[in-house]
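**Q** My structure is below; once you've seen it, I'll send some questions.
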Amino acid sequence: MLYLGTTIYGTNAIYLGIVHGFASNVFALLQGIQLLSDDQQQHLISRTEKTIVTTARIEADLANWLPCLDEPCAERNQFLVQFCHGAPSMVLGVANLWPLASEEFKKLLIKAGNLIWQAGPLKKPWGLCHGTAGNGYAFLKLYKLTGDKIWYERALHFAMHAIHQYETMLDHYACIRTDAWCGDLGLALYLQDCIDQRDQFPMMEYF
């Protein structure tokens with residue numbers, strides 16, 4: 001397997017998500033896959049597929065991933081659904097493998113998208129990192145990969161909910177949250193990308 005081992009808070013963790021582990025390594029490698037030899041490309045594809053498939057937890061047409069491979073600490077022994085960990089993290093991290101991947105791999109990403117939809121918008125802030133907008137980008141990505149408009153419709157539903165979250169918190173606290181990753185700037189980028197039907201994640205795939 002390809003993975004990133006991290007020593008943090010006194011534990012030696014093997015993380016799977018795009019912020020802290022495996023999916024981030026794959027994301028970076030896929031940006032330059034054309035620079036690899038044919039053998040290296042095949043190795044990357046096969047190892048990535050094997051890791052994604054074997055670590056997935058599947059139930060019917062839903063799929064998710066635990067944050068860590070070996071459950072190194074109690075707070076990571078739970079399923080999350082956000083950009084950092086879980087289905088959105090894996091979809092956005094490995095989506096660029098889609099044109100080269102097997103049907104099993106593609107079906108698994110679809111199941112991950114179904115899980116994100118069934119889980120619904122996050123109760124956390126509306127931004128990109130562990131927020132409704134970040135999860136919505138998984139729908140935009142699946143829309144571009146599959147051409148199925150249901151994913152675009154789901155992205156728009158999340159966009160409307162994120163706007164409601166923003167307005168509710170603005171009324172409650174009488175201030176805005178200005179940062180890109182967790183706040184209003186990230187939401188604004190997501191809303192514009194919904195309008196433009198653009199699936200590239202800010203600060204990772206465009207600047």
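Each chain in the structure tokens gets a letter, A, B and so on, in the order shown; residues start at 1 in every chain, and ligands are counted from 1 in the order they appear.
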Could you list, as an MDAnalysis selection string, every residue within 12 Å of A:Glu49, counting only C-alpha atoms and ignoring same-chain residues fewer than 2 positions away?
**A** chainID A and resid 1:2 22:23 26 42:47 51:56 90 94:95 97:98 100:109
**Q** Can I get the selected residues back with N, CA, C and O atoms, as a CSV table (one decimal), in the first residue's frame?
**A**
```
chain,number,residue,atom,x,y,z
A,1,MET,N,0.8,-1.2,0.0
A,1,MET,CA,0.0,0.0,0.0
A,1,MET,C,0.9,1.3,0.0
A,1,MET,O,2.0,1.3,0.5
A,2,LEU,N,0.3,2.3,-0.5
A,2,LEU,CA,0.9,3.6,-0.3
A,2,LEU,C,0.2,4.3,0.9
A,2,LEU,O,-1.0,4.3,1.0
A,22,PHE,N,-2.9,9.1,3.0
A,22,PHE,CA,-2.8,8.4,1.7
A,22,PHE,C,-3.3,9.2,0.5
A,22,PHE,O,-2.7,9.3,-0.5
A,23,ALA,N,-4.5,9.7,0.7
A,23,ALA,CA,-5.2,10.3,-0.5
A,23,ALA,C,-4.4,11.6,-0.9
A,23,ALA,O,-4.4,11.9,-2.1
A,26,VAL,N,-1.5,10.4,-3.1
A,26,VAL,CA,-2.0,10.0,-4.4
A,26,VAL,C,-2.3,11.2,-5.3
A,26,VAL,O,-2.0,11.2,-6.5
A,42,GLN,N,1.6,2.1,-13.9
A,42,GLN,CA,0.8,0.9,-13.5
A,42,GLN,C,0.9,0.6,-12.1
A,42,GLN,O,-0.1,0.1,-11.4
A,43,HIS,N,2.1,0.7,-11.5
A,43,HIS,CA,2.3,0.5,-10.1
A,43,HIS,C,1.4,1.4,-9.2
A,43,HIS,O,0.7,1.0,-8.3
A,44,LEU,N,1.4,2.7,-9.6
A,44,LEU,CA,0.6,3.7,-8.9
A,44,LEU,C,-0.9,3.4,-9.0
A,44,LEU,O,-1.6,3.4,-8.0
A,45,ILE,N,-1.3,3.1,-10.2
A,45,ILE,CA,-2.7,2.8,-10.4
A,45,ILE,C,-3.2,1.5,-9.6
A,45,ILE,O,-4.2,1.6,-8.9
A,46,SER,N,-2.4,0.5,-9.7
A,46,SER,CA,-2.8,-0.8,-9.0
A,46,SER,C,-2.8,-0.7,-7.5
A,46,SER,O,-3.7,-1.1,-6.8
A,47,ARG,N,-1.7,0.0,-7.0
A,47,ARG,CA,-1.6,0.1,-5.6
A,47,ARG,C,-2.7,1.1,-5.0
A,47,ARG,O,-3.2,0.8,-3.9
A,51,THR,N,-5.6,-0.2,-2.4
A,51,THR,CA,-5.7,0.5,-1.1
A,51,THR,C,-7.1,1.0,-0.9
A,51,THR,O,-7.8,0.8,0.2
A,52,ILE,N,-7.7,1.7,-1.9
A,52,ILE,CA,-9.0,2.3,-1.8
A,52,ILE,C,-10.1,1.2,-1.6
A,52,ILE,O,-11.0,1.3,-0.8
A,53,VAL,N,-9.9,0.1,-2.4
A,53,VAL,CA,-11.0,-0.9,-2.3
A,53,VAL,C,-10.9,-1.7,-1.0
A,53,VAL,O,-11.9,-2.0,-0.4
A,54,THR,N,-9.7,-2.0,-0.6
A,54,THR,CA,-9.6,-2.9,0.6
A,54,THR,C,-9.8,-2.1,1.9
A,54,THR,O,-10.2,-2.8,2.9
A,55,THR,N,-9.7,-0.8,1.9
A,55,THR,CA,-10.0,-0.1,3.2
A,55,THR,C,-11.4,0.5,3.2
A,55,THR,O,-11.8,1.0,4.2
A,56,ALA,N,-12.1,0.4,2.1
A,56,ALA,CA,-13.5,0.9,2.1
A,56,ALA,C,-14.4,0.0,3.0
A,56,ALA,O,-14.3,-1.2,3.1
A,90,MET,N,-11.8,11.0,0.1
A,90,MET,CA,-11.3,10.0,-0.9
A,90,MET,C,-11.7,10.3,-2.3
A,90,MET,O,-10.9,10.2,-3.2
A,94,VAL,N,-8.6,11.0,-5.0
A,94,VAL,CA,-8.2,10.0,-6.1
A,94,VAL,C,-9.1,10.1,-7.3
A,94,VAL,O,-8.9,9.3,-8.2
A,95,ALA,N,-9.9,11.2,-7.4
A,95,ALA,CA,-10.8,11.3,-8.6
A,95,ALA,C,-10.0,11.3,-9.9
A,95,ALA,O,-10.5,10.8,-11.0
A,97,LEU,N,-7.8,9.6,-10.9
A,97,LEU,CA,-7.4,8.3,-11.4
A,97,LEU,C,-8.6,7.7,-12.3
A,97,LEU,O,-8.4,6.7,-13.0
A,98,TRP,N,-9.7,8.3,-12.2
A,98,TRP,CA,-10.9,7.8,-12.9
A,98,TRP,C,-10.7,7.3,-14.3
A,98,TRP,O,-11.1,6.2,-14.7
A,100,LEU,N,-8.3,6.1,-15.8
A,100,LEU,CA,-7.4,4.9,-15.9
A,100,LEU,C,-7.8,3.7,-15.0
A,100,LEU,O,-7.2,2.7,-15.0
A,101,ALA,N,-8.9,3.9,-14.3
A,101,ALA,CA,-9.3,3.0,-13.2
A,101,ALA,C,-10.3,1.9,-13.7
A,101,ALA,O,-10.9,2.0,-14.8
A,102,SER,N,-10.4,0.9,-12.9
A,102,SER,CA,-11.3,-0.2,-13.2
A,102,SER,C,-12.8,0.2,-12.9
A,102,SER,O,-13.0,1.2,-12.2
A,103,GLU,N,-13.7,-0.6,-13.4
A,103,GLU,CA,-15.1,-0.4,-13.1
A,103,GLU,C,-15.4,-0.5,-11.6
A,103,GLU,O,-16.3,0.2,-11.0
A,104,GLU,N,-14.8,-1.4,-10.9
A,104,GLU,CA,-14.9,-1.6,-9.5
A,104,GLU,C,-14.6,-0.3,-8.7
A,104,GLU,O,-15.3,0.1,-7.8
A,105,PHE,N,-13.5,0.3,-9.1
A,105,PHE,CA,-13.0,1.5,-8.5
A,105,PHE,C,-14.0,2.6,-8.7
A,105,PHE,O,-14.4,3.4,-7.8
A,106,LYS,N,-14.5,2.7,-10.0
A,106,LYS,CA,-15.5,3.8,-10.3
A,106,LYS,C,-16.8,3.6,-9.5
A,106,LYS,O,-17.3,4.6,-9.0
A,107,LYS,N,-17.3,2.4,-9.4
A,107,LYS,CA,-18.5,2.1,-8.7
A,107,LYS,C,-18.3,2.5,-7.2
A,107,LYS,O,-19.3,2.9,-6.5
A,108,LEU,N,-17.1,2.3,-6.7
A,108,LEU,CA,-16.8,2.6,-5.3
A,108,LEU,C,-16.9,4.1,-5.0
A,108,LEU,O,-17.5,4.6,-4.0
A,109,LEU,N,-16.4,4.9,-6.0
A,109,LEU,CA,-16.5,6.4,-5.8
A,109,LEU,C,-17.9,6.8,-5.9
A,109,LEU,O,-18.3,7.8,-5.2
```
**Q** Tell me which protein, DNA and RNA residues are within 12 Å of A:Ala138, counting only C-alpha atoms, leaving out same-chain ones fewer than 3 positions away, and put them as number ranges by chain.
**A** A: 81-83, 86-95, 109-117, 128, 131-135, 141-145, 151-152, 154-156, 158, 190, 194, 198-201
**Q** Run DSSP on the backbone and tell me which residues of stretch 99-197 of chain A come out as helix (DSSP H, G or I); list them as a ChimeraX atom specification.
**A** /A:99-100,103-119,132-146,149-173,184-196
**Q** Taking only stretch 37-161 of chain A into account, list the residues labelled strand (DSSP E) by DSSP (computed from the backbone), as a ChimeraX atom specification.
**A** /A:57-59,62-64
